[in-house]
>>> print(open('structure11.txt').read())   # compact mmCIF, C-alpha atoms
# COMPACT_ATOMS: atom_id res chain seq x y z
CA MET A 1230 24.98 -118.00 82.63
CA TRP A 1231 24.09 -118.41 86.30
CA ILE A 1232 25.87 -120.06 89.24
CA TYR A 1233 23.86 -121.10 92.29
CA GLU A 1234 25.05 -119.83 95.68
CA LYS A 1235 24.11 -122.10 98.55
CA LYS A 1236 22.74 -119.53 101.00
CA LEU A 1237 19.61 -117.42 101.41
CA GLN A 1238 19.97 -113.70 100.76
CA TYR A 1239 18.17 -113.14 104.10
CA PRO A 1240 17.72 -115.78 106.85
CA VAL A 1241 14.39 -117.60 107.39
CA ASN A 1242 13.90 -119.39 110.74
CA ILE A 1243 10.22 -120.12 111.40
CA LYS A 1244 9.31 -122.34 114.39
CA THR A 1245 5.48 -122.42 114.29
CA PRO A 1246 3.59 -123.90 111.32
CA ASN A 1247 0.74 -121.81 109.90
CA PRO A 1248 -0.78 -123.22 106.67
CA ALA A 1249 -3.35 -120.39 106.38
CA LEU A 1250 -0.54 -117.81 106.28
CA ALA A 1251 1.48 -120.00 103.89
CA LYS A 1252 -1.45 -119.93 101.47
CA LEU A 1253 -1.45 -116.11 101.48
CA ILE A 1254 2.34 -115.76 101.14
CA MET A 1255 2.29 -118.24 98.21
CA THR A 1256 0.95 -115.39 96.06
CA GLN A 1257 4.39 -113.73 96.22
CA LEU A 1258 5.75 -116.81 94.47
CA GLY A 1259 3.14 -117.57 91.80
CA GLY A 1260 0.67 -114.68 92.01
CA PRO A 1261 0.15 -111.69 89.68
CA ASP A 1262 2.80 -109.54 91.42
CA GLY A 1263 5.03 -112.32 92.73
CA GLU A 1264 8.76 -112.97 92.52
CA MET A 1265 8.47 -115.46 89.65
CA GLY A 1266 6.81 -112.89 87.42
CA ALA A 1267 9.37 -110.30 88.50
CA SER A 1268 12.49 -112.28 87.59
CA THR A 1269 10.89 -113.51 84.34
CA ARG A 1270 9.90 -109.98 83.34
CA TYR A 1271 13.27 -108.30 84.00
CA LEU A 1272 15.50 -111.02 82.61
CA PHE A 1273 13.53 -111.19 79.33
CA GLN A 1274 13.34 -107.41 78.94
CA ARG A 1275 17.14 -107.19 78.81
CA TYR A 1276 17.53 -108.21 75.16
CA SER A 1277 15.75 -105.20 73.67
CA MET A 1278 17.18 -102.67 76.15
CA PRO A 1279 19.58 -100.38 74.22
CA TYR A 1280 21.27 -98.75 77.26
CA SER A 1281 23.95 -100.79 79.00
CA GLU A 1282 23.37 -99.23 82.44
CA VAL A 1283 19.76 -100.37 82.27
CA VAL A 1284 20.75 -103.86 81.02
CA GLY A 1285 22.90 -104.03 84.17
CA ILE A 1286 19.95 -102.96 86.38
CA LEU A 1287 17.62 -105.53 84.72
CA THR A 1288 20.24 -108.30 85.03
CA ASP A 1289 21.04 -107.62 88.67
CA ILE A 1290 17.45 -107.06 89.86
CA GLY A 1291 16.21 -110.05 87.80
CA THR A 1292 18.90 -112.17 89.48
CA GLU A 1293 17.95 -110.90 92.96
CA GLU A 1294 14.30 -111.80 92.26
CA LEU A 1295 15.43 -115.41 91.65
CA ALA A 1296 16.91 -115.31 95.16
CA HIS A 1297 13.60 -113.92 96.46
CA GLN A 1298 11.73 -116.90 94.97
CA GLU A 1299 13.96 -119.01 97.19
CA ILE A 1300 13.25 -116.91 100.31
CA VAL A 1301 9.45 -117.04 99.72
CA SER A 1302 9.71 -120.80 99.09
CA ALA A 1303 11.71 -121.25 102.33
CA ILE A 1304 9.01 -119.32 104.26
CA ILE A 1305 6.21 -121.49 102.79
CA HIS A 1306 8.21 -124.68 103.40
CA GLN A 1307 8.82 -123.81 107.05
CA LEU A 1308 5.18 -122.74 107.59
CA THR A 1309 3.88 -126.11 106.32
CA ARG A 1310 6.20 -128.53 108.17
CA ASN A 1311 4.80 -131.33 110.39
CA LEU A 1312 1.14 -130.44 109.77
CA THR A 1313 -1.67 -132.55 111.25
CA PRO A 1314 -4.80 -133.24 109.14
CA GLU A 1315 -6.69 -130.90 111.49
CA GLN A 1316 -4.23 -128.07 110.90
CA ILE A 1317 -4.54 -128.62 107.12
CA GLN A 1318 -8.36 -128.46 107.29
CA ASP A 1319 -8.59 -125.54 109.72
CA GLY A 1320 -6.03 -123.45 107.83
CA GLY A 1321 -7.99 -123.73 104.55
CA PHE A 1322 -4.91 -125.49 103.13
CA ALA A 1323 -6.73 -128.71 102.11
CA PRO A 1324 -7.45 -127.74 98.45
CA TYR A 1325 -3.73 -126.97 97.88
CA PHE A 1326 -2.73 -130.05 99.89
CA VAL A 1327 -4.68 -132.55 97.76
CA ASP A 1328 -2.90 -131.36 94.60
CA HIS A 1329 0.60 -130.64 95.93
CA THR A 1330 0.82 -132.10 99.48
CA THR A 1331 3.47 -129.79 101.03
CA GLY A 1332 5.48 -129.41 97.83
CA ILE A 1333 6.12 -125.88 96.59
CA TYR A 1334 4.05 -125.05 93.49
CA PRO A 1335 3.60 -121.44 92.31
CA VAL A 1336 -0.03 -120.34 92.66
CA SER A 1337 -1.72 -117.08 93.65
CA ALA A 1338 -3.49 -116.62 97.01
CA SER A 1339 -6.73 -117.68 95.31
CA GLY A 1340 -5.11 -120.82 93.87
CA GLU A 1341 -4.55 -119.76 90.24
CA PRO A 1342 -1.33 -121.30 88.85
CA PHE A 1343 1.43 -118.94 87.72
CA THR A 1344 1.05 -117.65 84.16
CA ALA A 1345 3.45 -115.67 81.97
CA ALA A 1346 0.46 -113.38 81.28
CA TYR A 1347 1.37 -111.72 84.61
CA THR A 1348 4.45 -110.27 82.91
CA GLN A 1349 5.20 -108.20 79.81
CA SER A 1350 8.14 -107.58 77.52
CA THR A 1351 7.13 -104.93 75.00
CA GLY A 1352 10.48 -104.25 73.31
CA ASP A 1353 10.01 -100.57 74.18
CA PRO A 1354 12.28 -99.24 76.95
CA ILE A 1355 9.88 -96.63 78.36
CA ALA A 1356 6.91 -99.02 78.33
CA ASP A 1357 8.99 -101.82 79.90
CA LEU A 1358 10.42 -99.61 82.64
CA SER A 1359 6.97 -98.14 83.40
CA GLU A 1360 5.73 -101.70 83.85
CA ASP A 1361 8.72 -102.51 86.09
CA LEU A 1362 8.13 -99.46 88.31
CA ALA A 1363 4.45 -100.45 88.67
CA ALA A 1364 5.39 -104.09 89.34
CA GLU A 1365 7.64 -103.08 92.24
CA GLN A 1366 4.86 -100.99 93.79
CA LYS A 1367 2.31 -103.80 93.35
CA ALA A 1368 4.71 -106.28 94.98
CA ARG A 1369 5.33 -103.79 97.83
CA LEU A 1370 1.60 -103.39 98.54
CA THR A 1371 1.08 -107.16 98.40
CA TYR A 1372 3.77 -107.53 101.10
CA ASP A 1373 2.00 -104.77 103.07
CA ASN A 1374 -1.26 -106.73 102.82
CA ILE A 1375 0.49 -109.95 103.88
CA LEU A 1376 1.95 -108.14 106.92
CA ARG A 1377 -1.63 -107.31 108.05
CA PHE A 1378 -2.12 -111.07 108.63
CA CYS A 1379 1.36 -111.76 110.08
CA ASP A 1380 1.36 -112.03 113.86
CA ASP A 1381 4.49 -114.24 113.93
CA ARG A 1382 7.72 -112.21 114.15
CA ASP A 1383 9.69 -115.04 112.56
CA VAL A 1384 7.57 -114.62 109.41
CA ALA A 1385 7.15 -110.83 109.47
CA ASP A 1386 10.93 -110.27 109.65
CA PRO A 1387 11.90 -111.78 106.23
CA ILE A 1388 8.65 -110.41 104.72
CA ARG A 1389 9.71 -106.89 105.80
CA PHE A 1390 13.10 -107.45 104.18
CA LEU A 1391 11.42 -108.48 100.90
CA ARG A 1392 9.10 -105.46 101.12
CA GLU A 1393 12.07 -103.15 101.55
CA ARG A 1394 13.77 -104.61 98.48
CA GLU A 1395 10.70 -103.69 96.38
CA VAL A 1396 11.19 -100.07 97.47
CA VAL A 1397 14.89 -100.15 96.55
CA HIS A 1398 14.16 -101.79 93.18
CA PHE A 1399 11.57 -99.07 92.46
CA GLN A 1400 14.30 -96.48 93.04
CA ARG A 1401 16.81 -98.31 90.85
CA PHE A 1402 14.27 -98.65 88.00
CA GLY A 1403 13.72 -94.92 88.48
CA ASP A 1404 17.45 -94.47 87.72
CA GLY A 1405 16.93 -96.60 84.61
CA MET A 1406 13.96 -94.52 83.48
CA ARG A 1407 16.00 -91.32 83.91
CA ILE A 1408 18.84 -92.79 81.80
CA VAL A 1409 16.42 -93.77 78.99
CA GLN A 1410 14.63 -90.40 79.03
CA ASP A 1411 17.91 -88.46 79.02
CA ALA A 1412 18.89 -90.34 75.85
CA LEU A 1413 15.69 -89.35 74.02
CA ASP A 1414 15.39 -86.29 71.82
CA TYR A 1415 13.45 -83.71 73.86
CA LYS A 1416 11.51 -82.59 70.77
CA ASN A 1417 10.49 -86.13 69.98
CA PHE A 1418 9.88 -87.49 73.44
CA TYR A 1419 7.43 -90.37 73.07
CA ALA A 1420 7.39 -90.39 69.27
CA TYR A 1421 9.70 -93.33 68.65
CA ASN A 1422 10.94 -96.50 70.28
CA PRO A 1423 14.73 -96.20 70.75
CA ALA A 1424 15.07 -99.99 70.72
CA PHE A 1425 13.45 -100.39 67.29
CA ASP A 1426 12.82 -97.17 65.35
CA LYS A 1427 15.93 -95.49 64.02
CA LYS A 1428 16.12 -91.71 64.28
CA MET B 753 31.26 -98.56 76.74
CA MET B 754 32.07 -101.17 74.09
CA THR B 755 35.23 -103.16 74.84
CA ARG B 756 37.16 -105.63 72.72
CA ILE B 757 37.14 -109.14 74.19
CA ASN B 758 39.65 -111.91 73.56
CA LYS B 759 37.50 -114.67 72.06
CA ASP B 760 40.17 -117.36 72.48
CA VAL B 761 40.38 -116.71 76.22
CA LEU B 762 36.56 -116.66 76.43
CA LYS B 763 36.30 -119.97 74.57
CA ARG B 764 38.94 -121.60 76.78
CA MET B 765 37.04 -120.51 79.91
CA GLN B 766 33.74 -121.78 78.45
CA GLN B 767 35.39 -125.17 77.85
CA ILE B 768 36.84 -125.42 81.37
CA ASP B 769 33.61 -124.20 82.98
CA PHE B 770 31.56 -126.72 81.00
CA ALA B 771 33.87 -129.55 82.12
CA ILE B 772 33.54 -128.34 85.72
CA TRP B 773 29.76 -128.24 85.38
CA GLU B 774 29.50 -131.69 83.84
CA THR B 775 31.73 -133.19 86.55
CA ALA B 776 29.69 -131.50 89.30
CA LEU B 777 26.47 -133.00 87.90
CA TYR B 778 28.07 -136.43 87.97
CA LEU B 779 29.46 -135.94 91.49
CA ASP B 780 26.00 -134.95 92.82
CA GLY B 781 24.88 -138.52 92.14
CA HIS B 782 28.25 -140.17 92.82
CA PRO B 783 29.70 -138.22 95.78
CA GLU B 784 32.03 -141.10 96.77
CA ASN B 785 33.79 -141.30 93.38
CA LYS B 786 37.41 -140.27 94.10
CA GLN B 787 38.43 -140.26 90.45
CA ALA B 788 35.69 -137.78 89.56
CA LEU B 789 36.49 -135.64 92.60
CA ASN B 790 40.18 -135.46 91.67
CA TYR B 791 39.24 -134.55 88.10
CA TYR B 792 36.97 -131.80 89.46
CA LYS B 793 39.79 -130.39 91.61
CA LYS B 794 42.19 -130.46 88.66
CA LEU B 795 39.70 -128.45 86.56
CA ILE B 796 39.19 -125.92 89.35
CA ALA B 797 42.98 -125.45 89.56
CA MET B 798 43.07 -124.83 85.79
CA ARG B 799 40.27 -122.31 86.16
CA ASP B 800 42.01 -120.49 89.03
CA GLU B 801 45.14 -120.27 86.92
CA MET B 802 43.40 -118.44 84.07
CA LYS B 803 41.06 -116.27 86.19
CA ASN B 804 43.21 -113.13 86.11
CA ASP B 805 43.89 -113.55 82.41
CA TYR B 806 40.13 -113.84 81.81
CA ARG B 807 39.42 -110.68 83.78
CA LYS B 808 42.00 -108.74 81.75
CA GLU B 809 41.15 -110.17 78.33
CA VAL B 810 37.36 -110.59 78.56
CA GLY B 811 36.14 -108.61 81.59
CA PRO B 812 34.45 -109.32 84.91
CA ALA B 813 32.52 -112.63 84.93
CA THR B 814 30.45 -111.39 87.89
CA HIS B 815 30.37 -107.90 89.39
CA ARG B 816 32.50 -109.23 92.27
CA ASP B 817 35.36 -109.46 89.74
CA VAL B 818 35.46 -105.70 89.10
CA LYS B 819 38.92 -104.72 90.41
CA CYS B 820 39.72 -101.51 88.50
CA ASP B 821 38.72 -97.91 89.29
CA ARG B 822 35.79 -97.91 86.84
CA TRP B 823 32.46 -99.90 86.97
CA THR B 824 33.34 -102.23 84.09
CA TRP B 825 30.42 -104.57 84.94
CA ILE B 826 28.16 -102.83 82.44
CA ASP B 827 30.72 -102.63 79.63
CA GLU B 828 29.42 -104.04 76.34
CA PRO B 829 29.19 -106.56 74.78
CA TRP B 830 26.62 -108.43 76.88
CA PRO B 831 26.80 -112.19 76.14
CA TRP B 832 23.97 -112.08 73.55
CA GLN B 833 25.48 -109.16 71.59
CA ASN B 834 27.51 -110.79 68.81
CA GLU B 835 29.16 -108.85 66.01
CA VAL B 836 27.28 -108.87 62.71
>>> encode(input="structure11.txt", output="structure tokens")
Amino acid sequence: MWIYEKKLQYPVNIKTPNPALAKLIMTQLGGPDGEMGASTRYLFQRYSMPYSEVVGILTDIGTEELAHQEIVSAIIHQLTRNLTPEQIQDGGFAPYFVDHTTGIYPVSASGEPFTAAYTQSTGDPIADLSEDLAAEQKARLTYDNILRFCDDRDVADPIRFLREREVVHFQRFGDGMRIVQDALDYKNFYAYNPAFDKK
Amino acid sequence: MMTRINKDVLKRMQQIDFAIWETALYLDGHPENKQALNYYKKLIAMRDEMKNDYRKEVGPATHRDVKCDRWTWIDEPWPWQNEV
């Protein structure tokens, strides 16, 4: 089970509202490579993972991604405080605003609501870990693209932290992939699924 | 590494933790209720008392509880791995 800890993993202190930027950053909550998809993907993949080291990696990274949902939500919340109707219009935030006001609802940058179709759980350790490695890179490049539009240091600072975590997670999933591959029979490398097919 | 866990100790901790949880939910909506707060504190004291026993008999509840010279966090069974 999980216990909530009442602190952010990395501080968020934004002074200037910016609804246009909030709309872009929202994609790291509910978009195709966002934190919601990440935690969902890793925590569900654990059950078919036959190697305990990798179950540990999936559990701990999946848990950290839950904390990243909170950081992204805090950024969006602070970027959309005390908005005037003009700021909402000019920032292109009005379509989101009519549905959700300034509540946090997971959508992509283009406004598509979060869907579990952004994630996969194949029951095959090599396929799952390949997906996880790709997911970390896609999240990293999305943060890179967000940073291109970030001229506020207060926003760029926690975004850079989140970007860095994607790099570290990619390395840790690399450890997991090495552990799974070492356990496979070298003569039979991709021929069977170690979570399902018995040798 | 598969380790043997003491199911009685696990069950006792699950019972105390559930009581703590239930009381916390109630206190969120009734923060002025002294009786509930005292009950909560009593449960936490019971939990503290069995914490070391739990670590020895079941294993680390979080990775912050790993105290020995080996990374026992990833020892099996994981919570969903029951014996069949």
>>> closest_atom_pairs(input="structure11.txt", of="chain A", to="chain B", cutoff="10 Å", atoms="all atoms listed in the file", output="Markdown table")
| residue | atom | partner | partner_atom | distance |
| --- | --- | --- | --- | --- |
| A:Met1230 | CA | B:Pro831 | CA | 8.9 |
| A:Trp1231 | CA | B:Thr814 | CA | 9.6 |
| A:Ile1232 | CA | B:Trp773 | CA | 9.8 |
| A:Arg1275 | CA | B:Trp830 | CA | 9.8 |
| A:Tyr1276 | CA | B:Trp832 | CA | 7.7 |
| A:Tyr1280 | CA | B:Ile826 | CA | 9.5 |
| A:Ser1281 | CA | B:Ile826 | CA | 5.8 |
| A:Glu1282 | CA | B:Ile826 | CA | 6.0 |
| A:Val1283 | CA | B:Ile826 | CA | 8.8 |
| A:Val1284 | CA | B:Ile826 | CA | 7.6 |
| A:Gly1285 | CA | B:Ile826 | CA | 5.7 |
| A:Ile1286 | CA | B:Ile826 | CA | 9.1 |
| A:Thr1288 | CA | B:Ile826 | CA | 10.0 |
| A:Asp1289 | CA | B:His815 | CA | 9.4 |
>>> closest_residue(input="structure11.txt", among="A:Arg1389, A:Gln1366, A:Ser1350, A:Arg1407", to="A:Ser1277", atoms="all atoms listed in the file")
A:Ser1350
>>> residues_around(input="structure11.txt", residues="A:Val1327", least_positions_apart="6", cutoff="12 Å", atoms="only C-alpha atoms", output="list in words")
Pro1314, Ile1317, Gln1318 and Gly1321 of chain A
>>> atom_distance(input="structure11.txt", atom1="atom CA of A:Pro1246", atom2="atom CA of A:Asn1311")
7.6 Å
>>> residues_around(input="structure11.txt", residues="stretch 816-820 of chain B", least_positions_apart="4", cutoff="12 Å", atoms="all atoms listed in the file", output="PyMOL selection string")
chain B and resi 803-808+810-812+824-827
>>> write_last_selection(input="structure11.txt", atoms="C-alpha atoms", output="mmCIF file, in the frame of the given file")
data_model
loop_
_atom_site.group_PDB
_atom_site.id
_atom_site.type_symbol
_atom_site.label_atom_id
_atom_site.label_comp_id
_atom_site.auth_asym_id
_atom_site.auth_seq_id
_atom_site.Cartn_x
_atom_site.Cartn_y
_atom_site.Cartn_z
ATOM 1 C CA LYS B 803 41.060 -116.270 86.190
ATOM 2 C CA ASN B 804 43.210 -113.130 86.110
ATOM 3 C CA ASP B 805 43.890 -113.550 82.410
ATOM 4 C CA TYR B 806 40.130 -113.840 81.810
ATOM 5 C CA ARG B 807 39.420 -110.680 83.780
ATOM 6 C CA LYS B 808 42.000 -108.740 81.750
ATOM 7 C CA VAL B 810 37.360 -110.590 78.560
ATOM 8 C CA GLY B 811 36.140 -108.610 81.590
ATOM 9 C CA PRO B 812 34.450 -109.320 84.910
ATOM 10 C CA THR B 824 33.340 -102.230 84.090
ATOM 11 C CA TRP B 825 30.420 -104.570 84.940
ATOM 12 C CA ILE B 826 28.160 -102.830 82.440
ATOM 13 C CA ASP B 827 30.720 -102.630 79.630
#
>>> residues_around(input="structure11.txt", residues="B:Leu795", least_positions_apart="6", cutoff="9 Å", atoms="all atoms listed in the file", output="ChimeraX atom specification")
/B:768-769,771-772
>>> write_last_selection(input="structure11.txt", atoms="C-alpha atoms", output="PDB file, keeping the file's coordinate frame")
ATOM      1  CA  ILE B 768      36.840-125.420  81.370  1.00  0.00           C
ATOM      2  CA  ASP B 769      33.610-124.200  82.980  1.00  0.00           C
ATOM      3  CA  ALA B 771      33.870-129.550  82.120  1.00  0.00           C
ATOM      4  CA  ILE B 772      33.540-128.340  85.720  1.00  0.00           C
TER       5      ILE B 772
END
>>> atom_distance(input="structure11.txt", atom1="atom CA of A:Lys1236", atom2="atom CA of A:Ile1305")
16.7 Å
>>> atom_distance(input="structure11.txt", atom1="atom CA of A:Asp1386", atom2="atom CA of A:Leu1272")
27.4 Å
>>> residues_near_point(input="structure11.txt", point="(8.4, -106.5, 73.6)", cutoff="10 Å", atoms="only C-alpha atoms", output="ChimeraX atom specification")
/A:1273-1274,1276-1278,1349-1354,1356-1357,1424
>>> residues_around(input="structure11.txt", residues="B:Glu774", least_positions_apart="3", cutoff="12 Å", atoms="only C-alpha atoms", output="CSV table (one decimal) with C-alpha atoms, in the coordinates of the input")
chain,number,residue,atom,x,y,z
B,767,GLN,CA,35.4,-125.2,77.8
B,768,ILE,CA,36.8,-125.4,81.4
B,769,ASP,CA,33.6,-124.2,83.0
B,770,PHE,CA,31.6,-126.7,81.0
B,771,ALA,CA,33.9,-129.6,82.1
B,777,LEU,CA,26.5,-133.0,87.9
B,778,TYR,CA,28.1,-136.4,88.0
B,779,LEU,CA,29.5,-135.9,91.5
B,780,ASP,CA,26.0,-135.0,92.8
B,781,GLY,CA,24.9,-138.5,92.1
B,788,ALA,CA,35.7,-137.8,89.6
B,789,LEU,CA,36.5,-135.6,92.6
B,791,TYR,CA,39.2,-134.6,88.1
B,792,TYR,CA,37.0,-131.8,89.5
B,795,LEU,CA,39.7,-128.4,86.6
